[in-house]
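Before any comments, here is the structure.
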Amino acid sequence: MSTSQQDQRHVWHPFCQEQTAPPALPVVRGHGASLFLEDGREILDLASSWWVNVHGHCHPAIAQALADQARTLEHVIFAGFTHAPAASLAEALVRALPRSLEKGTGLDRVFYSDNGSTAVEAALKMAFQSWRNRGERRRTLFLAFEGAYHGDTFGAMSVGRSSGFYGPFEDVLLKVRFTPFAETWLDSDEKDDAGVQARESAALADLDAILDLDGARLAGFIAEPLVQGASGMRMCRPQFLRAVCERVAARGIPVILDEVMTGFGRTGTLFAMEQAGVVPDLVCLSKGLTGGFLPLAATVASTAIYETFLGQDFSTAFAHGHSYTANPLGCAAALASLALFESEGTLTRIAAIRQANLGWLAEAARLPGVNRPRALGSIAAVNLGSGDGGCDYHSSLGPKLKARFLELGLLVRPLGNVVYLMPPACITPHELARAHALVLEVLHETAPLYAPA
Ligand SMILES: *Cc1c(COP(=O)(O)O)cnc(C)c1O
């Protein structure tokens with residue numbers, strides 16, 4: 001049986017309506033920004049394979065580190081044992097994360113798990129239990145941004161329920177308050193769009209009202225810094241994120257930044273929080289952590305949070321762990337990926353991608369029905385259709401566009417009516433220029449679907 005036949009008989013794919021989704025495409029090989037299909041076609045991976053790939057597919061330095069580690073220690077229980085890759089990676093992450101100058105403290109404790117959802121789940125549980133450990137039992141609510149996405153486990157679904165994916169689970173989710181996210185986008189000469197300050201002021205006033213009403217019952221605030229990924233690459237200004245975090249922190253509520261998508265250079269700095277000058281109490285890392293090779297995640301906690309779990313008996317301990325916690329292969333891949341940021345000038349490459357994207361966005365924004373051009377780091381996005389139409393997953397536009405992009409050799413997965421590009425940092429100027437031209441062509445030919453005549 002072929003891969004395709006076996007797959008169609010026995011595999012259940014994520015985020016798919018299996019009855020109507022086209023058959024999954026068998027991929028046999030990856031190299032640089034390209035994927036090679038069984039039928040010989042080459043596809044340019046402009047989605048970084050669901051936002052995980054950083055330096056390109058099958059990067060030889062990461063592959064080598066993995067092969068070496070696989071012959072040395074593939075895995076070991078992480079309760080009561082440790083190993084060099086996990087300890088070195090923890091040190092490297094703590095060193096790479098920003099520290100608070102005023103408080104003189106930083107994110108000093110690395111708790112490992114294996115995907116973005118578990119990193120979020122661990123952070124929510126840490127924030128929650130930290131209050132319990134201090135004898136504070138009233139704090140049973142969480143605060144999140146409208147439109148947030150934090151993963152698909154129950155805690156993560158709860159704080160991301162406004163993304164609209166979780167209707168069937170509504171009755172069994174945690175109690176969460178949602179505060180507005182003040183979106184922004186570029187106008188043609190890269191200035192802030194006109195209404196942004198008004199939107200920010202209104203959002204902060206709403207936040208103040210929530211904090212006045214429920215501040216004493218909030219166990220934590222979680223946010224995707226600067227870019228809300230899954231709800232349509234919605235971006236905010238660094239000063240807005242900072243103002244929100246300051247208001248939350250002023251009430252003693254722990255700030256959790258979910259850098260699962262934004263981490264590891266995606267927004268132009270190693271972490272998005274650097275641009276906002278915010279040092280949270282907890283940060284969630286995954287996706288790009290291993291450069292896109294293996295599932296691994298880290299929830300990094302401040303010393304203050306960590307210390308609330310210390311005691312003479314098990315009752316205040318963090319009773320949470322996963323079989324593959326701190327997998328040595330994953331940690332070795334992560335160390336190799338971090339080293340590439342230096343040796344390959346990854347952030348410089350990402351700055352060049354953004355520059356090229358700005359030129360492309362200016363052209364795209366001249367097409368009918370193309371709105372809200374925005375760019376940050378290696379991410380560029382536009383909305384198709386009416387200016388205020390958010391990301392509509394039920395729109396039939398996405399699948400049509402996706403199919404057309406694939407015909408042209410591009411992996412571009414619109415989020416509803418939002419078309420975005422997020423290539424790995426290794427994409428060449430030539431590849432990116434070709435992608436830009438082809439995407440413009442598709443927007444041209446599909447305009448009748450979303451642009452009023
Ligand atoms: C993808 C994502 C998650 C979930 O990560 P998984 O590895 O898919 O579980 C959480 N938060 C953000 C911001 C994400 O983009």
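Labels used: A, B, ... for chains in the order of the structure tokens, numbers from 1 for residues in each chain, and numbers from 1 for ligands as shown.
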Please return as a VMD selection string the residues found within 7 Å of ligand 1, counting only C-alpha atoms and all ligand atoms. chain A and resid 115 to 118 120 149 to 152 224 228 to 230 258 to 261 286 to 287
When DSSP is applied to the backbone of this structure, which of region 90-309 of chain A are assigned strand (DSSP E)? Write them out as a CSV table (one decimal) with N, CA, C and O atoms, in the first residue's frame.
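Result file is states.csv:
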chain,number,residue,atom,x,y,z
A,107,LEU,N,13.8,35.3,34.9
A,107,LEU,CA,13.2,34.0,34.8
A,107,LEU,C,14.3,33.0,35.0
A,107,LEU,O,15.1,32.8,34.1
A,108,ASP,N,14.3,32.4,36.1
A,108,ASP,CA,15.5,31.6,36.5
A,108,ASP,C,15.3,30.1,36.6
A,108,ASP,O,16.2,29.4,36.8
A,109,ARG,N,14.0,29.6,36.5
A,109,ARG,CA,13.7,28.2,36.7
A,109,ARG,C,13.0,27.6,35.5
A,109,ARG,O,11.9,28.0,35.1
A,110,VAL,N,13.6,26.6,34.9
A,110,VAL,CA,13.1,26.0,33.7
A,110,VAL,C,12.4,24.7,34.0
A,110,VAL,O,13.0,23.8,34.5
A,111,PHE,N,11.1,24.6,33.7
A,111,PHE,CA,10.4,23.4,33.8
A,111,PHE,C,10.1,22.9,32.4
A,111,PHE,O,9.5,23.5,31.6
A,112,TYR,N,10.5,21.7,32.1
A,112,TYR,CA,10.4,21.1,30.8
A,112,TYR,C,9.1,20.3,30.6
A,112,TYR,O,8.6,19.6,31.5
A,113,SER,N,8.5,20.4,29.4
A,113,SER,CA,7.5,19.5,29.0
A,113,SER,C,7.7,19.3,27.5
A,113,SER,O,8.8,19.5,27.0
A,141,LEU,N,-9.9,32.7,39.0
A,141,LEU,CA,-10.2,33.2,37.7
A,141,LEU,C,-8.8,33.4,37.0
A,141,LEU,O,-7.8,33.8,37.6
A,142,PHE,N,-8.9,33.3,35.6
A,142,PHE,CA,-7.7,33.8,34.8
A,142,PHE,C,-8.2,34.9,33.9
A,142,PHE,O,-9.4,35.1,33.6
A,143,LEU,N,-7.2,35.7,33.5
A,143,LEU,CA,-7.5,36.8,32.6
A,143,LEU,C,-6.7,36.6,31.3
A,143,LEU,O,-5.5,36.1,31.4
A,144,ALA,N,-7.3,36.8,30.1
A,144,ALA,CA,-6.7,36.6,28.9
A,144,ALA,C,-7.2,37.6,27.9
A,144,ALA,O,-8.2,38.3,28.1
A,145,PHE,N,-6.5,37.7,26.7
A,145,PHE,CA,-6.9,38.6,25.7
A,145,PHE,C,-8.0,38.0,24.9
A,145,PHE,O,-8.0,36.8,24.6
A,176,VAL,N,-12.8,32.3,33.0
A,176,VAL,CA,-11.8,33.3,32.4
A,176,VAL,C,-12.5,34.6,32.1
A,176,VAL,O,-13.6,34.6,31.6
A,177,ARG,N,-11.8,35.7,32.4
A,177,ARG,CA,-12.2,37.0,31.9
A,177,ARG,C,-11.4,37.4,30.7
A,177,ARG,O,-10.2,37.1,30.7
A,178,PHE,N,-12.1,38.0,29.7
A,178,PHE,CA,-11.3,38.4,28.5
A,178,PHE,C,-11.3,39.9,28.4
A,178,PHE,O,-12.3,40.6,28.5
A,179,THR,N,-10.1,40.4,28.1
A,179,THR,CA,-9.9,41.9,27.9
A,179,THR,C,-9.5,42.2,26.5
A,179,THR,O,-8.9,41.3,25.8
A,218,LEU,N,-8.3,37.1,40.5
A,218,LEU,CA,-7.5,36.6,39.4
A,218,LEU,C,-6.2,35.9,39.8
A,218,LEU,O,-5.5,36.5,40.6
A,219,ALA,N,-6.0,34.7,39.3
A,219,ALA,CA,-4.8,33.9,39.6
A,219,ALA,C,-3.7,34.3,38.7
A,219,ALA,O,-2.5,34.0,39.0
A,220,GLY,N,-4.0,34.8,37.5
A,220,GLY,CA,-3.0,35.0,36.5
A,220,GLY,C,-3.5,35.6,35.3
A,220,GLY,O,-4.7,35.5,35.0
A,221,PHE,N,-2.6,36.3,34.5
A,221,PHE,CA,-3.0,36.9,33.2
A,221,PHE,C,-2.1,36.2,32.2
A,221,PHE,O,-0.9,36.2,32.4
A,222,ILE,N,-2.7,35.7,31.1
A,222,ILE,CA,-1.8,35.1,30.0
A,222,ILE,C,-2.0,35.9,28.7
A,222,ILE,O,-3.1,36.3,28.4
A,223,ALA,N,-0.9,36.0,28.0
A,223,ALA,CA,-1.0,36.8,26.7
A,223,ALA,C,0.0,36.3,25.7
A,223,ALA,O,1.1,35.8,26.1
A,227,VAL,N,1.9,39.5,19.0
A,227,VAL,CA,1.2,38.9,17.8
A,227,VAL,C,0.3,37.8,18.4
A,227,VAL,O,0.8,36.8,19.0
A,228,GLN,N,-1.0,37.9,18.1
A,228,GLN,CA,-1.9,36.7,18.3
A,228,GLN,C,-1.9,35.9,17.0
A,228,GLN,O,-2.3,36.3,16.0
A,234,ARG,N,-2.9,38.8,14.4
A,234,ARG,CA,-3.3,40.1,14.9
A,234,ARG,C,-2.1,40.7,15.8
A,234,ARG,O,-1.6,40.1,16.7
A,235,MET,N,-1.7,41.9,15.4
A,235,MET,CA,-0.6,42.5,16.1
A,235,MET,C,-1.0,43.7,16.9
A,235,MET,O,-2.0,44.4,16.6
A,255,VAL,N,2.0,37.6,35.6
A,255,VAL,CA,1.9,37.8,34.1
A,255,VAL,C,2.6,36.6,33.5
A,255,VAL,O,3.7,36.3,33.8
A,256,ILE,N,1.8,35.9,32.6
A,256,ILE,CA,2.3,34.7,31.9
A,256,ILE,C,2.4,35.2,30.4
A,256,ILE,O,1.4,35.5,29.8
A,257,LEU,N,3.6,35.1,29.8
A,257,LEU,CA,3.7,35.4,28.4
A,257,LEU,C,3.9,34.1,27.6
A,257,LEU,O,4.8,33.3,27.9
A,258,ASP,N,3.0,33.9,26.7
A,258,ASP,CA,3.0,32.7,25.9
A,258,ASP,C,3.8,33.0,24.6
A,258,ASP,O,3.3,33.5,23.6
A,282,LEU,N,6.1,34.3,34.3
A,282,LEU,CA,6.2,33.0,33.7
A,282,LEU,C,6.3,33.1,32.2
A,282,LEU,O,5.6,34.0,31.7
A,283,VAL,N,7.1,32.3,31.5
A,283,VAL,CA,7.0,32.4,30.1
A,283,VAL,C,7.0,31.0,29.5
A,283,VAL,O,7.5,30.0,30.1
A,284,CYS,N,6.2,30.8,28.4
A,284,CYS,CA,6.0,29.5,27.8
A,284,CYS,C,6.7,29.5,26.5
A,284,CYS,O,6.6,30.4,25.6
A,285,LEU,N,7.6,28.5,26.3
A,285,LEU,CA,8.3,28.3,25.0
A,285,LEU,C,8.1,26.9,24.5
A,285,LEU,O,8.0,26.0,25.2
A,297,ALA,N,9.2,21.6,25.1
A,297,ALA,CA,8.7,22.9,25.6
A,297,ALA,C,9.4,23.2,27.0
A,297,ALA,O,9.9,22.3,27.6
A,298,ALA,N,9.3,24.5,27.3
A,298,ALA,CA,9.8,24.9,28.6
A,298,ALA,C,8.9,26.0,29.1
A,298,ALA,O,8.4,26.9,28.4
A,299,THR,N,8.5,25.9,30.4
A,299,THR,CA,7.9,26.9,31.2
A,299,THR,C,8.9,27.5,32.1
A,299,THR,O,9.4,26.8,32.9
A,300,VAL,N,9.3,28.7,31.9
A,300,VAL,CA,10.3,29.3,32.7
A,300,VAL,C,9.7,30.3,33.7
A,300,VAL,O,8.9,31.1,33.4
A,301,ALA,N,10.0,30.0,35.0
A,301,ALA,CA,9.4,30.7,36.1
A,301,ALA,C,10.4,31.7,36.8
A,301,ALA,O,11.6,31.4,36.9
A,302,SER,N,9.9,32.7,37.4
A,302,SER,CA,10.7,33.6,38.2
A,302,SER,C,11.0,32.9,39.5
A,302,SER,O,10.4,32.0,39.9
Tell me which of A:Ala47, A:Leu440, A:Ile253, A:Val52 sits closest to Val370 (chain A), counting only C-alpha atoms.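 Nearest to Val370 (chain A): A:Leu440.
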Quick one: pick out all alpha helix (DSSP H) residues within region 90-322 of chain A from a backbone DSSP run and write them as a PyMOL selection string. chain A and resi 90-96+116-133+154-159+196-214+238-250+273-276+303-307
Leaving out region 205-207 of chain A and any residue of its chain fewer than 6 positions from it, which residues lie within 12 Å of it when counting only C-alpha atoms, given as a PyMOL selection string? chain A and resi 143-146+177-182+198-199+213-215+221+240-241+243-248
Keeping N, CA, C and O atoms for every residue in the selection just given, could you write it to a file as a short mmCIF file (atom, residue, chain, number, x, y, z; two decimals), in the first residue's frame?
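Output saved as part-v2.cif:
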data_model
loop_
_atom_site.label_atom_id
_atom_site.label_comp_id
_atom_site.auth_asym_id
_atom_site.auth_seq_id
_atom_site.Cartn_x
_atom_site.Cartn_y
_atom_site.Cartn_z
N LEU A 143 -7.21 35.71 33.49
CA LEU A 143 -7.48 36.82 32.57
C LEU A 143 -6.68 36.55 31.29
O LEU A 143 -5.53 36.13 31.36
N ALA A 144 -7.33 36.78 30.15
CA ALA A 144 -6.66 36.57 28.85
C ALA A 144 -7.16 37.61 27.87
O ALA A 144 -8.15 38.30 28.12
N PHE A 145 -6.48 37.72 26.75
CA PHE A 145 -6.90 38.64 25.69
C PHE A 145 -8.02 38.02 24.86
O PHE A 145 -8.01 36.81 24.58
N GLU A 146 -8.92 38.85 24.42
CA GLU A 146 -9.90 38.41 23.40
C GLU A 146 -9.11 37.98 22.17
O GLU A 146 -8.15 38.64 21.78
N ARG A 177 -11.79 35.72 32.39
CA ARG A 177 -12.24 37.04 31.94
C ARG A 177 -11.42 37.40 30.71
O ARG A 177 -10.21 37.12 30.67
N PHE A 178 -12.06 38.02 29.74
CA PHE A 178 -11.33 38.41 28.52
C PHE A 178 -11.28 39.92 28.37
O PHE A 178 -12.28 40.61 28.54
N THR A 179 -10.11 40.41 28.06
CA THR A 179 -9.90 41.86 27.92
C THR A 179 -9.51 42.16 26.48
O THR A 179 -8.89 41.33 25.82
N PRO A 180 -9.92 43.33 25.95
CA PRO A 180 -9.71 43.58 24.51
C PRO A 180 -8.25 43.69 24.11
O PRO A 180 -7.42 44.18 24.87
N PHE A 181 -7.98 43.23 22.90
CA PHE A 181 -6.64 43.30 22.30
C PHE A 181 -6.69 44.41 21.27
O PHE A 181 -7.47 44.34 20.33
N ALA A 182 -5.88 45.47 21.47
CA ALA A 182 -5.92 46.62 20.55
C ALA A 182 -5.02 46.35 19.35
O ALA A 182 -3.81 46.53 19.41
N ALA A 198 -6.80 55.42 19.98
CA ALA A 198 -8.17 55.35 20.52
C ALA A 198 -8.51 53.92 20.91
O ALA A 198 -9.12 53.67 21.96
N ARG A 199 -8.11 52.98 20.07
CA ARG A 199 -8.40 51.57 20.40
C ARG A 199 -7.65 51.14 21.67
O ARG A 199 -8.19 50.42 22.50
N LEU A 213 -13.25 45.12 39.21
CA LEU A 213 -14.31 44.19 39.61
C LEU A 213 -13.74 42.87 40.13
O LEU A 213 -14.16 42.37 41.18
N ASP A 214 -12.78 42.30 39.39
CA ASP A 214 -12.35 40.93 39.66
C ASP A 214 -10.87 40.78 40.00
O ASP A 214 -10.38 39.66 40.15
N GLY A 215 -10.17 41.90 40.11
CA GLY A 215 -8.72 41.84 40.32
C GLY A 215 -8.30 40.93 41.46
O GLY A 215 -7.32 40.20 41.35
N PHE A 221 -2.65 36.30 34.51
CA PHE A 221 -3.00 36.87 33.20
C PHE A 221 -2.08 36.23 32.17
O PHE A 221 -0.87 36.17 32.37
N PHE A 240 1.39 49.04 24.04
CA PHE A 240 0.10 48.55 24.54
C PHE A 240 0.30 47.33 25.42
O PHE A 240 -0.23 47.25 26.54
N LEU A 241 1.09 46.39 24.93
CA LEU A 241 1.36 45.19 25.73
C LEU A 241 1.98 45.58 27.08
O LEU A 241 1.59 45.06 28.13
N ALA A 243 1.69 48.42 28.70
CA ALA A 243 0.71 49.09 29.57
C ALA A 243 -0.21 48.05 30.22
O ALA A 243 -0.53 48.14 31.41
N VAL A 244 -0.62 47.04 29.46
CA VAL A 244 -1.49 46.00 30.01
C VAL A 244 -0.75 45.23 31.10
O VAL A 244 -1.28 45.04 32.20
N CYS A 245 0.46 44.81 30.80
CA CYS A 245 1.21 44.02 31.78
C CYS A 245 1.48 44.82 33.05
O CYS A 245 1.42 44.28 34.16
N GLU A 246 1.77 46.11 32.90
CA GLU A 246 2.04 46.95 34.07
C GLU A 246 0.80 47.05 34.96
O GLU A 246 0.89 46.97 36.19
N ARG A 247 -0.37 47.23 34.32
CA ARG A 247 -1.60 47.33 35.11
C ARG A 247 -1.88 46.04 35.86
O ARG A 247 -2.30 46.05 37.02
N VAL A 248 -1.66 44.91 35.19
CA VAL A 248 -1.91 43.60 35.82
C VAL A 248 -0.91 43.36 36.95
O VAL A 248 -1.30 42.99 38.07
#
Give the answer as one residue: which of A:Arg349, A:Arg372, A:His444, A:Arg251 has the shortest atom-to-atom distance to Glu183 (chain A), using only C-alpha atoms? A:Arg372
I'd like the contact shell of Asn371 (chain A) - 9 Å cut-off, only C-alpha atoms, skipping same-chain residues fewer than 5 positions apart - returned as a ChimeraX atom specification. /A:364-366,382-388
Proximity to Arg413 (chain A) - best of A:Ala96, A:Leu46, A:Val27, A:Leu204, only C-alpha atoms: A:Leu46
Give the answer as one residue: which of A:Met273, A:Ala356, A:Leu397, A:Ala65 has the shortest atom-to-atom distance to Ala437 (chain A), using only C-alpha atoms? A:Ala356
Just checking: using only C-alpha atoms, which residue out of A:Ala403, A:Ile305, A:Leu410, A:Ala317 ends up closest to Leu35 (chain A)? A:Leu410
Go through A:Ala435, A:Thr325, A:Asn357, A:Thr446 one by one, measure the shortest atom-to-atom distance of each to Gly80 (chain A) using only C-alpha atoms, and give the residue with the smallest value.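 Of all the options, A:Thr325 lies closest to Gly80 (chain A).
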